[in-house]
Amino acid sequence: MTIRSVVVGLGHYLPQRVVPNSEFEATLDTSDEWIKSRSGIERRHFAAEGETTSDLATKAAQNALAQAGLTANDLDAIVLATSTADLTFPSAATMVQAALGMTRGFAFDVQAVCAGFIYALANANALIVSGQARRIMVIGAETFSRIMDWSDRSTCVLFGDGAGAVILEAQDGTGDKSDRGILSVDLNSDGQHRDILYVDGGVSTQTTGFLRMQGKEVFRHAVEKLAQTATQAMDKAGIASDEIDWIVPHQANIRIIQGTAKKLGLSMDHVVVTVQDHGNTSAASIPLALSVGAERGQISRGDVVVTEAIGGGLAWGAVVIRW
């Protein structure tokens, strides 16, 4: 028998404050039409004053537990993907562990920026298939509004805050592509391109910093690398493009999403899109889209889902899951 990591719970949380594109018109040389035409984004959510990344993550986790009919102590571990943790340490994951009342197991953070949730899924899957854990909460949570340069119209209009959570559980499979659960993982990084997407501050420089991005360069790398990693993950799983029910991509830019789908030979009818409502929520975007897609009835049991992301590093990867 083969152990598979099967999705048994989903949840998400978005801060109450909704920020439409029009809100930026008073302070920036921009417009709703300019933002929509270049990104597909119409609105995003911003965390309230005092509302932290671990707060968002906790609420998403609570929703996932409720949806799965589980308690916090049914979990063996929490893996939290974020680039905007509350503190330098301890990890946001341990803060969520405490907030949930989870008194057993272990928790840790993963940092791979927008690819963080893919990396977190890969880590959780490895823990499950190796027998070190049976049930793991995987969370993506961000408060990117805290690292925006509000004078830079090319970046500050693109990002939002939010959190999504997925519960993985060890289940027996046959070892072929008909199994439910994670069928394959593909991870990549290339530190030579770090200067096209980064934050110009950090602990060792004793500065906070703001997000900086060379948009055209990121776009150029994104479509090619996302299609490539998705194809590699599909090949590892033995899945052909006509077997894919849904692509659930990182929600950064509608043009990147469309370009990637085209390279994979799939119509947009097979793509879950939430970027118009959430903006780019970095590591939170894929679990948010998974949860929203399932709520909409787009994703159902037995569906083959390919999810892929690219972020600062550059770091990118893909996961193939049978729901």
# chains A, B, ... in the order shown; residues from 1 in each chain; ligands from 1

call {"tool": "residues_around", "arguments": {"residues": "Ser189 of chain A", "least_positions_apart": "2", "cutoff": "10 Å", "atoms": "only C-alpha atoms", "output": "count of residues only"}}
result
15

call {"tool": "residues_around", "arguments": {"residues": "Ala99 of chain A", "least_positions_apart": "6", "cutoff": "12 Å", "atoms": "only C-alpha atoms", "output": "PyMOL selection string"}}
result
chain A and resi 54-62+72+92-93

call {"tool": "write_last_selection", "arguments": {"atoms": "C-alpha atoms", "output": "mmCIF file, in the first residue's frame"}}
result
data_model
loop_
_atom_site.group_PDB
_atom_site.id
_atom_site.type_symbol
_atom_site.label_atom_id
_atom_site.label_comp_id
_atom_site.auth_asym_id
_atom_site.auth_seq_id
_atom_site.Cartn_x
_atom_site.Cartn_y
_atom_site.Cartn_z
ATOM 1 C CA SER A 54 -1.300 34.823 12.964
ATOM 2 C CA ASP A 55 -4.783 36.257 13.674
ATOM 3 C CA LEU A 56 -5.807 35.708 10.045
ATOM 4 C CA ALA A 57 -4.217 32.254 10.020
ATOM 5 C CA THR A 58 -6.003 31.231 13.210
ATOM 6 C CA LYS A 59 -9.412 32.157 11.808
ATOM 7 C CA ALA A 60 -8.765 30.274 8.573
ATOM 8 C CA ALA A 61 -7.581 27.272 10.603
ATOM 9 C CA GLN A 62 -10.688 27.360 12.794
ATOM 10 C CA ALA A 72 -7.114 21.185 17.118
ATOM 11 C CA ALA A 92 3.538 32.390 13.497
ATOM 12 C CA ALA A 93 2.688 28.681 13.365
#

call {"tool": "closest_residue", "arguments": {"among": "A:Arg43, A:Leu168, A:Met148, A:Arg153", "to": "Ala68 of chain A", "atoms": "only C-alpha atoms"}}
result
A:Leu168

call {"tool": "residues_around", "arguments": {"residues": "Val305 of chain A", "least_positions_apart": "5", "cutoff": "6 Å", "atoms": "only C-alpha atoms", "output": "list of chain:residue names"}}
result
A:Trp246, A:Ile247, A:Val320, A:Ile321

call {"tool": "closest_residue", "arguments": {"among": "A:Ala126, A:Ala141, A:Ile239, A:Val157", "to": "Val113 of chain A", "atoms": "only C-alpha atoms"}}
result
A:Ala141

call {"tool": "closest_residue", "arguments": {"among": "A:Ala133, A:Leu100, A:Val275, A:Ile41", "to": "Ala77 of chain A", "atoms": "only C-alpha atoms"}}
result
A:Ala133

call {"tool": "closest_residue", "arguments": {"among": "A:Ser83, A:Asn188, A:Asn123, A:Asn73", "to": "Arg146 of chain A", "atoms": "only C-alpha atoms"}}
result
A:Ser83

call {"tool": "select_by_dssp", "arguments": {"residues": "segment 63-278 of chain A", "states": "alpha helix (DSSP H)", "output": "PyMOL selection string"}}
result
chain A and resi 63-68+92-100+116-129+215-237+254-263+275-278

call {"tool": "residues_around", "arguments": {"residues": "segment 254-261 of chain A", "least_positions_apart": "3", "cutoff": "10 Å", "atoms": "only C-alpha atoms", "output": "ChimeraX atom specification"}}
result
/A:36-41,218-228,230,247-251,264-276,279,308

call {"tool": "closest_residue", "arguments": {"among": "A:His12, A:His278, A:Lys216, A:Arg134", "to": "Gly105 of chain A", "atoms": "only C-alpha atoms"}}
result
A:Arg134
